[in-house]
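Accompanying notes for the structure given below.
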Amino acid sequence: MSFINERIEGHTAILTINNPPANTWTADSLRELLAKVVKLNSNKEIYALVLTGEGEKFFSAGADLNEFADGDKHHAELMAEHFGQAFEALSGFRGVSIAAINGYAMGGGLEVAMACDLRIAESHAVMALPEASVGLLPCAGGTQNLTALVGEGWAKRMILCGERLDAAKALQLGLVEEVVPQGESLNAAITLAAKVAKQSPSSVKVCKQLIQAGRNMPRNQALPLERVRFVGLFHTEDQAEGVQAFLEKRPPQWKNR
């Protein structure tokens with residue numbers, strides 16, 4: 001049984017979480033997500049990845065709590081590793097990843113959305129990290145990524161006080177970049193992903209690495225690295241093609257190398 005449906009449109013891979021009724025995460029679905037991201041990462045024809053949930057109510061309600069019902073610490077450790085490996089692989093995807101949040105994004109559901117580069121939410125979406133209400137904590141990047149996106153104060157309100165955000169509030173705080181009417185997040189995400197195909201894949205990969213490096217690298221180290229990576233792009237075929245296409249007033253034909 002597949003928990004992650006996949007289809008390709010042009011240079012965009014569309015992954016749909018399909019584990020009804022709430023698109024929860026299990027060890028099997030996390031392993032499948034990891035495998036698909038690794039495979040897509042090696043496919044140079046894929047420039048962008050869109051992640052959404054099956055149905056109209058849930059993007060993903062997070063972990064299936066049946067996975068933790070036995071209280072087995074070893075099993076909990078394995079599940080934490082599955083979450084970390086899958087979501088960190090998604091965060092490290094060399095192209096642009098976009099979450100189309102089409103409903104509730106709770107716990108691990110919000111964490112996988114935050115592992116993406118960009119987030120588009122439908123107007124009825126609700127986002128929360130409720131793990132502390134069941135004696136747990138968000139272990140798949142939640143404490144770190146939420147703080148990076150919305151700041152320490154709101155991260156504490158959501159994690160420590162259990163506050164839920166509607167789409168409008170999430171947009172105001174910067175947790176999502178766009179809110180669209182119900183049913184339109186996937187098309188909006190695919191449209192945004194198509195813009196990525198106009199960018200040099202080599203440039204996108206390096207720019208993304210630099211932006212994310214800024215989370216834990218001092219500015220006086222990041223700025224010189226930026227210049228080094230700029231010069232490094234002159235060793236790529238994409239750089240030569242991009243400049244030549246501009247001068248010839250034609251669309252570039254990227255080779256992703």
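FYI, nothing fancy with the structure tokens labels: chains A, B, ... in order, residues from 1 per chain, ligands from 1 as they appear.
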
> In region 44-208 of chain A, what's strand (DSSP E or B) per DSSP? Answer as an NGL selection string?
Replying inline: :A and (48-53 or 58-60 or 63 or 96-101 or 104-106 or 118-122 or 126-128 or 165-166 or 178-180)

Would you put the residues from that selection into a file with N, CA and C atoms, as a CSV table (one decimal), in the first residue's frame?
```csv
chain,number,residue,atom,x,y,z
A,48,ALA,N,11.1,21.3,-8.8
A,48,ALA,CA,10.2,21.7,-7.7
A,48,ALA,C,9.4,20.5,-7.2
A,49,LEU,N,9.0,20.6,-5.9
A,49,LEU,CA,8.2,19.6,-5.3
A,49,LEU,C,7.0,20.2,-4.6
A,50,VAL,N,5.8,19.7,-4.8
A,50,VAL,CA,4.7,20.2,-4.1
A,50,VAL,C,4.1,19.1,-3.2
A,51,LEU,N,3.8,19.4,-2.0
A,51,LEU,CA,3.3,18.5,-1.0
A,51,LEU,C,1.9,18.9,-0.6
A,52,THR,N,0.9,18.0,-0.7
A,52,THR,CA,-0.4,18.3,-0.2
A,52,THR,C,-1.0,17.1,0.4
A,53,GLY,N,-2.3,17.2,0.9
A,53,GLY,CA,-3.0,16.1,1.6
A,53,GLY,C,-4.2,15.7,0.7
A,58,PHE,N,-8.1,17.5,5.8
A,58,PHE,CA,-6.8,17.4,6.4
A,58,PHE,C,-5.7,17.5,5.4
A,59,PHE,N,-4.7,18.4,5.7
A,59,PHE,CA,-3.4,18.3,5.1
A,59,PHE,C,-2.7,17.1,5.7
A,60,SER,N,-2.5,17.2,7.0
A,60,SER,CA,-2.0,16.0,7.8
A,60,SER,C,-2.2,16.4,9.3
A,63,ALA,N,1.4,12.7,13.7
A,63,ALA,CA,1.7,11.3,14.0
A,63,ALA,C,0.4,10.6,14.4
A,96,VAL,N,13.0,23.6,-5.1
A,96,VAL,CA,12.1,24.3,-4.2
A,96,VAL,C,10.9,23.4,-3.8
A,97,SER,N,10.6,23.3,-2.5
A,97,SER,CA,9.5,22.6,-2.0
A,97,SER,C,8.4,23.5,-1.5
A,98,ILE,N,7.2,23.2,-1.9
A,98,ILE,CA,6.0,24.0,-1.5
A,98,ILE,C,5.0,23.2,-0.9
A,99,ALA,N,4.5,23.5,0.3
A,99,ALA,CA,3.4,22.8,1.0
A,99,ALA,C,2.1,23.5,0.6
A,100,ALA,N,1.2,22.8,0.0
A,100,ALA,CA,-0.2,23.2,-0.2
A,100,ALA,C,-1.1,22.8,0.9
A,101,ILE,N,-1.3,23.6,1.9
A,101,ILE,CA,-2.0,23.2,3.1
A,101,ILE,C,-3.5,23.3,2.9
A,104,TYR,N,-6.4,20.9,8.0
A,104,TYR,CA,-5.7,20.8,9.3
A,104,TYR,C,-4.3,20.4,9.1
A,105,ALA,N,-3.3,21.2,9.7
A,105,ALA,CA,-1.9,20.8,9.7
A,105,ALA,C,-1.5,20.8,11.2
A,106,MET,N,-1.5,19.6,11.8
A,106,MET,CA,-1.4,19.5,13.2
A,106,MET,C,-0.1,18.7,13.5
A,118,LEU,N,8.4,26.8,1.1
A,118,LEU,CA,7.3,27.8,1.1
A,118,LEU,C,6.0,27.1,1.4
A,119,ARG,N,5.0,27.9,1.9
A,119,ARG,CA,3.7,27.3,2.3
A,119,ARG,C,2.6,28.2,1.8
A,120,ILE,N,1.6,27.5,1.2
A,120,ILE,CA,0.4,28.2,0.7
A,120,ILE,C,-0.8,27.5,1.5
A,121,ALA,N,-1.6,28.3,2.2
A,121,ALA,CA,-2.7,27.7,3.0
A,121,ALA,C,-4.0,28.1,2.4
A,122,GLU,N,-5.0,27.2,2.5
A,122,GLU,CA,-6.3,27.5,2.2
A,122,GLU,C,-7.0,28.2,3.3
A,126,VAL,N,-6.2,25.1,9.5
A,126,VAL,CA,-5.8,25.4,11.0
A,126,VAL,C,-4.5,24.7,11.2
A,127,MET,N,-3.6,25.4,11.9
A,127,MET,CA,-2.3,25.0,12.2
A,127,MET,C,-1.9,25.0,13.7
A,128,ALA,N,-1.3,23.9,14.1
A,128,ALA,CA,-1.0,23.8,15.6
A,128,ALA,C,0.1,22.8,15.8
A,165,LEU,N,-3.6,28.3,15.1
A,165,LEU,CA,-3.6,29.5,14.2
A,165,LEU,C,-4.6,29.2,13.0
A,166,ASP,N,-5.4,30.2,12.7
A,166,ASP,CA,-6.1,30.0,11.5
A,166,ASP,C,-5.2,30.6,10.3
A,178,GLU,N,1.1,32.7,1.7
A,178,GLU,CA,0.0,33.1,0.9
A,178,GLU,C,-1.2,32.3,1.4
A,179,VAL,N,-2.4,32.9,1.4
A,179,VAL,CA,-3.7,32.3,1.7
A,179,VAL,C,-4.6,32.4,0.5
A,180,VAL,N,-5.2,31.2,0.1
A,180,VAL,CA,-6.1,31.2,-1.0
A,180,VAL,C,-7.4,30.6,-0.6
```

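Within 9 Å of Lys205 (chain A), once only C-alpha atoms are used and residues closer than 4 positions along the same chain are dropped, the contacting residues are A:Phe93, A:Arg94, A:Gly95, A:Val96, A:Ser200, A:Pro201, A:Gln209, A:Leu210.
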
> What separation in Å, quoted to one decimal, exists between CA of Trp254 (chain A) and CA of Asp238 (chain A)?
Replying inline: 5.8 Å

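You can rank A:Ala132, A:Val206, A:Leu110, A:Leu78 by their closest distance to Val231 (chain A) using only C-alpha atoms, and at the top of that list sits A:Val206.
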
> Running DSSP on the backbone, which parts of region 58-233 of chain A land in alpha helix (DSSP H), as a PyMOL selection string?
Replying inline: chain A and resi 73-91+108-115+142-150+152-160+167-173+185-196+201-213+219-232

> Smallest atom-to-atom distance to Leu90 (chain A): which of A:Val134, A:Pro21, A:Glu56, A:Ala140, using only C-alpha atoms?
Replying inline: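 Nearest to Leu90 (chain A): A:Ala140.
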
> For Lys198 (chain A), which residue out of A:Arg7, A:Lys73, A:Arg164, A:Arg250 is the nearest one, using only C-alpha atoms?
Replying inline: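 Using only C-alpha atoms, the shortest distance to Lys198 (chain A) belongs to A:Arg250.
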
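Nearest-residue note for Thr191 (chain A): choosing from A:Glu226, A:Pro252, A:Thr12, A:Glu6, the minimum distance belongs to A:Thr12, counting only C-alpha atoms.
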
> Near Pro251 (chain A), counting only C-alpha atoms, which residues have an atom at most 10 Å away, once you skip same-chain residues fewer than 3 positions from it, shown as number ranges by chain?
Replying inline: A: 198, 241-242, 244-246, 248, 254

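Of the listed residues (A:Ala89, A:Ala13, A:Met1, A:Val228), A:Ala13 comes nearest to Ile190 (chain A); the distances count only C-alpha atoms.
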
> Any idea what's packed within 12 Å of region 150-153 of chain A, counting only C-alpha atoms, ignoring anything in its chain fewer than 4 positions away? Could you give it as a list of chain:residue names?
Replying inline: A:Met114, A:Gly142, A:Thr143, A:Gln144, A:Asn145, A:Leu146, A:Arg157, A:Met158, A:Ile159, A:Leu160, A:Cys161, A:Glu163, A:Leu165, A:Lys169, A:Ala170, A:Leu171, A:Gln172, A:Leu173, A:Gly174, A:Leu175, A:Val176, A:Glu177
